[in-house]
Amino acid sequence: MKIATYMRVGNKNQLTSTGQENRIPTPEELAADGHNVITLPEKKAWLYIRHSVPISDMLQAKAIAELDAFAKEMGYEVIGKTVLIGSQQESIEELTRFVNTEPPAQGADAILIQNSTAISRKYDEVKEIFDAISDKGVKLLFRDGGDEMFDDETPTMSMGGVML
């Protein structure tokens with residue numbers, strides 16, 4: 001069995017003195033030579049932002065940029081975004097509708113949110129949405145790390161400070 005690793009790297013130092021490029025074979029060429037080529041799929045993310053009141057374009061762009069940077073840091077390709085100006089109830093309805101589409105979440109592997117209050121200020125409502133999204137095979141990740149409170153292995157505190 002032949003195994004090869006494909007990485008595309010290129011710069012001027014790869015040129016020989018005769019001007020010939022030290023070419024790296026493509027995955028297709030490696031497969032044609034009998035190598036087993038495995039291509040890892042891109043992880044896709046949808047950005048979700050909710051504000052209860054209208055905000056300036058500058059603040060909205062900042063919120064989107066922060067989530068976009070978080071997506072890249074987590075290794076996700078951003079495939080779309082939802083910016084909702086509305087109440088907690090509208091947020092819950094929008095996320096429920098969004099996750100119940102086919103494919104769920106427009107084909108995203110994860111929905112990235114700034115923090116849990118973008119869904120609701122009530123723990124039970126956030127937990128319900130978190131579970132519904134997870135049941136569809138989509139991750140719900142909070143930029144502030146709040147998704148850890150729904151991890152069964154993480155001891156969490158309820159809103160009142162009592163250990164669950």
# chains A, B, ... in the order shown; residues from 1 in each chain; ligands from 1
>>> residues_around(residues="range 113-118 of chain A", least_positions_apart="3", cutoff="9 Å", atoms="only C-alpha atoms", output="list in words")
Trp46, Leu47, Tyr48, Ile49, Arg50, His51, Ser52, Ala63, Glu66, Leu67, Gln88, Ser91, Arg121, Lys122, Tyr123, Val126, Leu140, Leu141, Phe142, Arg143, Asp144, Gly145, Gly146 and Asp147 of chain A
>>> select_by_dssp(residues="range 105-149 of chain A", states="alpha helix (DSSP H)", output="list in words")
Tyr123, Asp124, Glu125, Val126, Lys127, Glu128, Ile129, Phe130, Asp131, Ala132, Ile133, Ser134 and Asp135 of chain A
>>> write_last_selection(atoms="all heavy atoms", output="compact mmCIF listing (two decimals), in the first residue's frame")
# COMPACT_ATOMS: atom_id res chain seq x y z
N TYR A 123 -32.18 30.26 30.74
CA TYR A 123 -31.36 29.06 30.56
C TYR A 123 -32.15 27.95 29.86
O TYR A 123 -31.65 27.33 28.92
CB TYR A 123 -30.84 28.57 31.91
CG TYR A 123 -30.10 27.26 31.83
CD1 TYR A 123 -28.75 27.23 31.51
CD2 TYR A 123 -30.77 26.05 32.04
CE1 TYR A 123 -28.07 26.03 31.41
CE2 TYR A 123 -30.09 24.85 31.93
CZ TYR A 123 -28.75 24.84 31.62
OH TYR A 123 -28.08 23.65 31.50
N ASP A 124 -33.38 27.69 30.31
CA ASP A 124 -34.16 26.59 29.76
C ASP A 124 -34.44 26.77 28.27
O ASP A 124 -34.43 25.81 27.50
CB ASP A 124 -35.49 26.43 30.52
CG ASP A 124 -35.28 25.96 31.95
OD1 ASP A 124 -34.20 25.42 32.25
OD2 ASP A 124 -36.21 26.14 32.77
N GLU A 125 -34.69 28.00 27.84
CA GLU A 125 -34.94 28.26 26.42
C GLU A 125 -33.67 28.06 25.59
O GLU A 125 -33.72 27.47 24.50
CB GLU A 125 -35.48 29.68 26.23
CG GLU A 125 -36.88 29.87 26.76
CD GLU A 125 -37.41 31.28 26.63
OE1 GLU A 125 -36.63 32.22 26.34
OE2 GLU A 125 -38.63 31.46 26.81
N VAL A 126 -32.56 28.51 26.11
CA VAL A 126 -31.28 28.33 25.39
C VAL A 126 -30.96 26.84 25.31
O VAL A 126 -30.56 26.33 24.27
CB VAL A 126 -30.14 29.11 26.06
CG1 VAL A 126 -28.82 28.85 25.35
CG2 VAL A 126 -30.45 30.60 26.08
N LYS A 127 -31.15 26.13 26.41
CA LYS A 127 -30.87 24.68 26.45
C LYS A 127 -31.75 23.95 25.45
O LYS A 127 -31.29 23.04 24.74
CB LYS A 127 -31.11 24.15 27.87
CG LYS A 127 -31.01 22.65 28.03
CD LYS A 127 -29.60 22.16 27.95
CE LYS A 127 -29.53 20.70 28.37
NZ LYS A 127 -28.64 19.93 27.54
N GLU A 128 -33.01 24.33 25.35
CA GLU A 128 -33.93 23.69 24.40
C GLU A 128 -33.46 23.89 22.96
O GLU A 128 -33.44 22.95 22.16
CB GLU A 128 -35.34 24.25 24.60
CG GLU A 128 -36.38 23.56 23.76
CD GLU A 128 -37.78 24.09 24.03
OE1 GLU A 128 -38.06 24.52 25.16
OE2 GLU A 128 -38.59 24.08 23.08
N ILE A 129 -33.06 25.10 22.62
CA ILE A 129 -32.55 25.38 21.27
C ILE A 129 -31.24 24.64 21.04
O ILE A 129 -31.02 24.05 19.98
CB ILE A 129 -32.37 26.91 21.06
CG1 ILE A 129 -33.73 27.59 21.00
CG2 ILE A 129 -31.56 27.20 19.81
CD1 ILE A 129 -34.59 27.19 19.82
N PHE A 130 -30.35 24.67 22.04
CA PHE A 130 -29.06 23.98 21.94
C PHE A 130 -29.30 22.49 21.64
O PHE A 130 -28.67 21.92 20.74
CB PHE A 130 -28.26 24.14 23.23
CG PHE A 130 -26.89 23.55 23.18
CD1 PHE A 130 -25.81 24.30 22.74
CD2 PHE A 130 -26.67 22.23 23.57
CE1 PHE A 130 -24.54 23.75 22.68
CE2 PHE A 130 -25.39 21.68 23.51
CZ PHE A 130 -24.33 22.45 23.06
N ASP A 131 -30.20 21.86 22.37
CA ASP A 131 -30.48 20.44 22.17
C ASP A 131 -31.11 20.19 20.80
O ASP A 131 -30.76 19.21 20.13
CB ASP A 131 -31.41 19.92 23.27
CG ASP A 131 -30.71 19.83 24.62
OD1 ASP A 131 -29.45 19.87 24.67
OD2 ASP A 131 -31.42 19.74 25.65
N ALA A 132 -32.02 21.05 20.37
CA ALA A 132 -32.68 20.88 19.07
C ALA A 132 -31.66 20.98 17.94
O ALA A 132 -31.70 20.19 16.98
CB ALA A 132 -33.78 21.92 18.88
N ILE A 133 -30.75 21.92 18.05
CA ILE A 133 -29.71 22.08 17.02
C ILE A 133 -28.76 20.90 17.04
O ILE A 133 -28.42 20.33 16.01
CB ILE A 133 -28.98 23.42 17.22
CG1 ILE A 133 -29.92 24.58 16.88
CG2 ILE A 133 -27.71 23.50 16.39
CD1 ILE A 133 -29.40 25.95 17.25
N SER A 134 -28.35 20.47 18.23
CA SER A 134 -27.44 19.32 18.36
C SER A 134 -28.08 18.05 17.82
O SER A 134 -27.41 17.23 17.20
CB SER A 134 -27.05 19.12 19.82
OG SER A 134 -26.33 20.23 20.30
N ASP A 135 -29.38 17.88 18.06
CA ASP A 135 -30.09 16.69 17.57
C ASP A 135 -30.10 16.61 16.05
O ASP A 135 -30.24 15.53 15.48
CB ASP A 135 -31.54 16.67 18.09
CG ASP A 135 -31.61 16.37 19.58
OD1 ASP A 135 -30.59 15.95 20.17
OD2 ASP A 135 -32.70 16.57 20.16
>>> select_by_dssp(residues="range 15-96 of chain A", states="strand (DSSP E or B)", output="PDB file with all heavy atoms, in the first residue's frame")
ATOM      1  N   LEU A  15      12.366  26.918  -7.097  1.00  0.00           N
ATOM      2  CA  LEU A  15      12.847  26.901  -8.480  1.00  0.00           C
ATOM      3  C   LEU A  15      14.317  26.503  -8.520  1.00  0.00           C
ATOM      4  O   LEU A  15      15.114  26.954  -7.704  1.00  0.00           O
ATOM      5  CB  LEU A  15      12.668  28.283  -9.130  1.00  0.00           C
ATOM      6  CG  LEU A  15      11.225  28.768  -9.278  1.00  0.00           C
ATOM      7  CD1 LEU A  15      11.217  30.172  -9.854  1.00  0.00           C
ATOM      8  CD2 LEU A  15      10.443  27.831 -10.157  1.00  0.00           C
ATOM      9  N   GLU A  21      10.675  24.224 -12.122  1.00  0.00           N
ATOM     10  CA  GLU A  21       9.997  24.208 -10.835  1.00  0.00           C
ATOM     11  C   GLU A  21      10.029  22.790 -10.262  1.00  0.00           C
ATOM     12  O   GLU A  21       9.823  21.813 -10.970  1.00  0.00           O
ATOM     13  CB  GLU A  21       8.549  24.653 -11.029  1.00  0.00           C
ATOM     14  CG  GLU A  21       7.793  24.822  -9.746  1.00  0.00           C
ATOM     15  CD  GLU A  21       6.381  25.340  -9.975  1.00  0.00           C
ATOM     16  OE1 GLU A  21       6.156  26.047 -10.968  1.00  0.00           O
ATOM     17  OE2 GLU A  21       5.521  25.017  -9.165  1.00  0.00           O
ATOM     18  N   ASN A  36      -3.355   6.190  -2.054  1.00  0.00           N
ATOM     19  CA  ASN A  36      -4.660   6.386  -1.445  1.00  0.00           C
ATOM     20  C   ASN A  36      -4.744   7.845  -1.002  1.00  0.00           C
ATOM     21  O   ASN A  36      -4.065   8.257  -0.079  1.00  0.00           O
ATOM     22  CB  ASN A  36      -4.825   5.433  -0.255  1.00  0.00           C
ATOM     23  CG  ASN A  36      -6.213   5.488   0.330  1.00  0.00           C
ATOM     24  OD1 ASN A  36      -7.138   5.973  -0.308  1.00  0.00           O
ATOM     25  ND2 ASN A  36      -6.363   4.991   1.546  1.00  0.00           N
ATOM     26  N   LYS A  43     -15.034  22.341   7.043  1.00  0.00           N
ATOM     27  CA  LYS A  43     -16.102  22.535   8.021  1.00  0.00           C
ATOM     28  C   LYS A  43     -16.776  23.859   7.678  1.00  0.00           C
ATOM     29  O   LYS A  43     -16.111  24.853   7.439  1.00  0.00           O
ATOM     30  CB  LYS A  43     -15.542  22.578   9.437  1.00  0.00           C
ATOM     31  CG  LYS A  43     -14.884  21.286   9.878  1.00  0.00           C
ATOM     32  CD  LYS A  43     -14.507  21.285  11.353  1.00  0.00           C
ATOM     33  CE  LYS A  43     -13.588  22.398  11.749  1.00  0.00           C
ATOM     34  NZ  LYS A  43     -13.158  22.369  13.156  1.00  0.00           N
ATOM     35  N   LYS A  44     -18.111  23.852   7.666  1.00  0.00           N
ATOM     36  CA  LYS A  44     -18.863  25.041   7.273  1.00  0.00           C
ATOM     37  C   LYS A  44     -19.623  25.604   8.482  1.00  0.00           C
ATOM     38  O   LYS A  44     -20.173  24.851   9.269  1.00  0.00           O
ATOM     39  CB  LYS A  44     -19.838  24.688   6.159  1.00  0.00           C
ATOM     40  CG  LYS A  44     -19.143  24.266   4.872  1.00  0.00           C
ATOM     41  CD  LYS A  44     -20.143  23.830   3.839  1.00  0.00           C
ATOM     42  CE  LYS A  44     -19.582  23.427   2.515  1.00  0.00           C
ATOM     43  NZ  LYS A  44     -18.247  23.102   2.357  1.00  0.00           N
ATOM     44  N   ALA A  45     -19.631  26.927   8.578  1.00  0.00           N
ATOM     45  CA  ALA A  45     -20.302  27.582   9.694  1.00  0.00           C
ATOM     46  C   ALA A  45     -21.243  28.670   9.203  1.00  0.00           C
ATOM     47  O   ALA A  45     -21.012  29.303   8.176  1.00  0.00           O
ATOM     48  CB  ALA A  45     -19.275  28.194  10.649  1.00  0.00           C
ATOM     49  N   TRP A  46     -22.305  28.864   9.961  1.00  0.00           N
ATOM     50  CA  TRP A  46     -23.260  29.943   9.742  1.00  0.00           C
ATOM     51  C   TRP A  46     -23.132  30.885  10.932  1.00  0.00           C
ATOM     52  O   TRP A  46     -23.119  30.443  12.076  1.00  0.00           O
ATOM     53  CB  TRP A  46     -24.681  29.383   9.663  1.00  0.00           C
ATOM     54  CG  TRP A  46     -25.656  30.386   9.153  1.00  0.00           C
ATOM     55  CD1 TRP A  46     -26.328  31.327   9.862  1.00  0.00           C
ATOM     56  CD2 TRP A  46     -26.059  30.552   7.800  1.00  0.00           C
ATOM     57  NE1 TRP A  46     -27.126  32.074   9.036  1.00  0.00           N
ATOM     58  CE2 TRP A  46     -26.982  31.623   7.767  1.00  0.00           C
ATOM     59  CE3 TRP A  46     -25.727  29.908   6.613  1.00  0.00           C
ATOM     60  CZ2 TRP A  46     -27.582  32.052   6.595  1.00  0.00           C
ATOM     61  CZ3 TRP A  46     -26.325  30.339   5.449  1.00  0.00           C
ATOM     62  CH2 TRP A  46     -27.238  31.400   5.442  1.00  0.00           C
ATOM     63  N   LEU A  47     -23.020  32.168  10.674  1.00  0.00           N
ATOM     64  CA  LEU A  47     -22.935  33.161  11.740  1.00  0.00           C
ATOM     65  C   LEU A  47     -24.344  33.624  12.093  1.00  0.00           C
ATOM     66  O   LEU A  47     -25.153  33.894  11.206  1.00  0.00           O
ATOM     67  CB  LEU A  47     -22.094  34.362  11.296  1.00  0.00           C
ATOM     68  CG  LEU A  47     -20.702  34.065  10.741  1.00  0.00           C
ATOM     69  CD1 LEU A  47     -19.985  35.364  10.399  1.00  0.00           C
ATOM     70  CD2 LEU A  47     -19.888  33.225  11.705  1.00  0.00           C
ATOM     71  N   TYR A  48     -24.623  33.716  13.401  1.00  0.00           N
ATOM     72  CA  TYR A  48     -25.943  34.146  13.853  1.00  0.00           C
ATOM     73  C   TYR A  48     -25.767  35.278  14.859  1.00  0.00           C
ATOM     74  O   TYR A  48     -25.106  35.112  15.881  1.00  0.00           O
ATOM     75  CB  TYR A  48     -26.713  32.988  14.492  1.00  0.00           C
ATOM     76  CG  TYR A  48     -28.092  33.387  14.942  1.00  0.00           C
ATOM     77  CD1 TYR A  48     -29.150  33.418  14.041  1.00  0.00           C
ATOM     78  CD2 TYR A  48     -28.336  33.747  16.255  1.00  0.00           C
ATOM     79  CE1 TYR A  48     -30.410  33.809  14.435  1.00  0.00           C
ATOM     80  CE2 TYR A  48     -29.603  34.136  16.666  1.00  0.00           C
ATOM     81  CZ  TYR A  48     -30.636  34.155  15.756  1.00  0.00           C
ATOM     82  OH  TYR A  48     -31.889  34.548  16.159  1.00  0.00           O
ATOM     83  N   ILE A  49     -26.351  36.423  14.540  1.00  0.00           N
ATOM     84  CA  ILE A  49     -26.236  37.611  15.390  1.00  0.00           C
ATOM     85  C   ILE A  49     -27.635  38.147  15.647  1.00  0.00           C
ATOM     86  O   ILE A  49     -28.434  38.278  14.718  1.00  0.00           O
ATOM     87  CB  ILE A  49     -25.371  38.687  14.698  1.00  0.00           C
ATOM     88  CG1 ILE A  49     -23.958  38.153  14.481  1.00  0.00           C
ATOM     89  CG2 ILE A  49     -25.356  39.975  15.497  1.00  0.00           C
ATOM     90  CD1 ILE A  49     -23.116  38.968  13.545  1.00  0.00           C
ATOM     91  N   ARG A  50     -27.932  38.422  16.919  1.00  0.00           N
ATOM     92  CA  ARG A  50     -29.213  39.035  17.257  1.00  0.00           C
ATOM     93  C   ARG A  50     -28.982  40.218  18.177  1.00  0.00           C
ATOM     94  O   ARG A  50     -28.189  40.156  19.112  1.00  0.00           O
ATOM     95  CB  ARG A  50     -30.151  38.069  17.974  1.00  0.00           C
ATOM     96  CG  ARG A  50     -31.486  38.779  18.330  1.00  0.00           C
ATOM     97  CD  ARG A  50     -32.383  37.951  19.208  1.00  0.00           C
ATOM     98  NE  ARG A  50     -31.939  37.850  20.578  1.00  0.00           N
ATOM     99  CZ  ARG A  50     -32.291  38.686  21.560  1.00  0.00           C
ATOM    100  NH1 ARG A  50     -33.054  39.737  21.325  1.00  0.00           N
ATOM    101  NH2 ARG A  50     -31.865  38.493  22.797  1.00  0.00           N
ATOM    102  N   HIS A  51     -29.691  41.278  17.862  1.00  0.00           N
ATOM    103  CA  HIS A  51     -29.718  42.465  18.724  1.00  0.00           C
ATOM    104  C   HIS A  51     -31.177  42.773  19.004  1.00  0.00           C
ATOM    105  O   HIS A  51     -32.020  42.636  18.115  1.00  0.00           O
ATOM    106  CB  HIS A  51     -29.046  43.666  18.041  1.00  0.00           C
ATOM    107  CG  HIS A  51     -27.616  43.422  17.691  1.00  0.00           C
ATOM    108  ND1 HIS A  51     -26.614  43.401  18.622  1.00  0.00           N
ATOM    109  CD2 HIS A  51     -27.027  43.166  16.504  1.00  0.00           C
ATOM    110  CE1 HIS A  51     -25.465  43.141  18.024  1.00  0.00           C
ATOM    111  NE2 HIS A  51     -25.682  42.989  16.741  1.00  0.00           N
ATOM    112  N   TYR A  76     -13.395  26.911  10.548  1.00  0.00           N
ATOM    113  CA  TYR A  76     -14.615  26.857   9.757  1.00  0.00           C
ATOM    114  C   TYR A  76     -14.572  27.843   8.592  1.00  0.00           C
ATOM    115  O   TYR A  76     -14.013  28.926   8.702  1.00  0.00           O
ATOM    116  CB  TYR A  76     -15.843  27.215  10.616  1.00  0.00           C
ATOM    117  CG  TYR A  76     -16.240  26.129  11.579  1.00  0.00           C
ATOM    118  CD1 TYR A  76     -15.792  26.154  12.893  1.00  0.00           C
ATOM    119  CD2 TYR A  76     -17.065  25.087  11.175  1.00  0.00           C
ATOM    120  CE1 TYR A  76     -16.164  25.162  13.789  1.00  0.00           C
ATOM    121  CE2 TYR A  76     -17.436  24.101  12.066  1.00  0.00           C
ATOM    122  CZ  TYR A  76     -16.986  24.133  13.368  1.00  0.00           C
ATOM    123  OH  TYR A  76     -17.348  23.153  14.253  1.00  0.00           O
ATOM    124  N   GLU A  77     -15.209  27.441   7.512  1.00  0.00           N
ATOM    125  CA  GLU A  77     -15.456  28.323   6.374  1.00  0.00           C
ATOM    126  C   GLU A  77     -16.860  28.898   6.578  1.00  0.00           C
ATOM    127  O   GLU A  77     -17.820  28.151   6.788  1.00  0.00           O
ATOM    128  CB  GLU A  77     -15.412  27.530   5.070  1.00  0.00           C
ATOM    129  CG  GLU A  77     -15.877  28.287   3.867  1.00  0.00           C
ATOM    130  CD  GLU A  77     -16.129  27.403   2.657  1.00  0.00           C
ATOM    131  OE1 GLU A  77     -15.873  26.187   2.722  1.00  0.00           O
ATOM    132  OE2 GLU A  77     -16.603  27.945   1.653  1.00  0.00           O
ATOM    133  N   VAL A  78     -17.001  30.211   6.538  1.00  0.00           N
ATOM    134  CA  VAL A  78     -18.307  30.856   6.734  1.00  0.00           C
ATOM    135  C   VAL A  78     -19.088  30.771   5.429  1.00  0.00           C
ATOM    136  O   VAL A  78     -18.624  31.214   4.384  1.00  0.00           O
ATOM    137  CB  VAL A  78     -18.138  32.322   7.185  1.00  0.00           C
ATOM    138  CG1 VAL A  78     -19.494  33.016   7.279  1.00  0.00           C
ATOM    139  CG2 VAL A  78     -17.414  32.384   8.523  1.00  0.00           C
ATOM    140  N   ILE A  79     -20.286  30.184   5.505  1.00  0.00           N
ATOM    141  CA  ILE A  79     -21.110  30.042   4.301  1.00  0.00           C
ATOM    142  C   ILE A  79     -22.309  30.985   4.299  1.00  0.00           C
ATOM    143  O   ILE A  79     -23.034  31.043   3.319  1.00  0.00           O
ATOM    144  CB  ILE A  79     -21.574  28.583   4.091  1.00  0.00           C
ATOM    145  CG1 ILE A  79     -22.408  28.101   5.271  1.00  0.00           C
ATOM    146  CG2 ILE A  79     -20.384  27.676   3.832  1.00  0.00           C
ATOM    147  CD1 ILE A  79     -23.104  26.769   5.024  1.00  0.00           C
ATOM    148  N   GLY A  80     -22.530  31.695   5.401  1.00  0.00           N
ATOM    149  CA  GLY A  80     -23.639  32.640   5.445  1.00  0.00           C
ATOM    150  C   GLY A  80     -23.814  33.228   6.832  1.00  0.00           C
ATOM    151  O   GLY A  80     -23.102  32.861   7.766  1.00  0.00           O
ATOM    152  N   LYS A  81     -24.771  34.135   6.926  1.00  0.00           N
ATOM    153  CA  LYS A  81     -25.013  34.763   8.224  1.00  0.00           C
ATOM    154  C   LYS A  81     -26.462  35.223   8.315  1.00  0.00           C
ATOM    155  O   LYS A  81     -27.118  35.473   7.307  1.00  0.00           O
ATOM    156  CB  LYS A  81     -24.075  35.935   8.448  1.00  0.00           C
ATOM    157  CG  LYS A  81     -24.267  37.101   7.501  1.00  0.00           C
ATOM    158  CD  LYS A  81     -23.276  38.210   7.800  1.00  0.00           C
ATOM    159  CE  LYS A  81     -23.418  39.352   6.845  1.00  0.00           C
ATOM    160  NZ  LYS A  81     -22.825  39.168   5.549  1.00  0.00           N
ATOM    161  N   THR A  82     -26.924  35.288   9.549  1.00  0.00           N
ATOM    162  CA  THR A  82     -28.230  35.842   9.858  1.00  0.00           C
ATOM    163  C   THR A  82     -28.013  36.955  10.865  1.00  0.00           C
ATOM    164  O   THR A  82     -27.350  36.750  11.880  1.00  0.00           O
ATOM    165  CB  THR A  82     -29.162  34.774  10.480  1.00  0.00           C
ATOM    166  OG1 THR A  82     -29.371  33.741   9.531  1.00  0.00           O
ATOM    167  CG2 THR A  82     -30.490  35.377  10.901  1.00  0.00           C
ATOM    168  N   VAL A  83     -28.543  38.129  10.570  1.00  0.00           N
ATOM    169  CA  VAL A  83     -28.514  39.241  11.512  1.00  0.00           C
ATOM    170  C   VAL A  83     -29.962  39.581  11.794  1.00  0.00           C
ATOM    171  O   VAL A  83     -30.699  39.991  10.896  1.00  0.00           O
ATOM    172  CB  VAL A  83     -27.754  40.465  10.941  1.00  0.00           C
ATOM    173  CG1 VAL A  83     -27.796  41.616  11.932  1.00  0.00           C
ATOM    174  CG2 VAL A  83     -26.319  40.092  10.593  1.00  0.00           C
ATOM    175  N   LEU A  84     -30.369  39.359  13.035  1.00  0.00           N
ATOM    176  CA  LEU A  84     -31.759  39.563  13.426  1.00  0.00           C
ATOM    177  C   LEU A  84     -31.842  40.713  14.424  1.00  0.00           C
ATOM    178  O   LEU A  84     -31.086  40.751  15.389  1.00  0.00           O
ATOM    179  CB  LEU A  84     -32.307  38.281  14.068  1.00  0.00           C
ATOM    180  CG  LEU A  84     -33.714  38.348  14.645  1.00  0.00           C
ATOM    181  CD1 LEU A  84     -34.745  38.472  13.522  1.00  0.00           C
ATOM    182  CD2 LEU A  84     -34.002  37.118  15.487  1.00  0.00           C
ATOM    183  N   ILE A  85     -32.739  41.631  14.154  1.00  0.00           N
ATOM    184  CA  ILE A  85     -33.054  42.691  15.112  1.00  0.00           C
ATOM    185  C   ILE A  85     -34.444  42.340  15.624  1.00  0.00           C
ATOM    186  O   ILE A  85     -35.430  42.431  14.893  1.00  0.00           O
ATOM    187  CB  ILE A  85     -33.064  44.093  14.453  1.00  0.00           C
ATOM    188  CG1 ILE A  85     -31.775  44.369  13.693  1.00  0.00           C
ATOM    189  CG2 ILE A  85     -33.359  45.162  15.496  1.00  0.00           C
ATOM    190  CD1 ILE A  85     -30.522  44.356  14.522  1.00  0.00           C
TER     191      ILE A  85
END
>>> closest_residue(among="A:Ile119, A:Ile24, A:Met74, A:Val138", to="Asn100 in chain A", atoms="only C-alpha atoms")
A:Val138
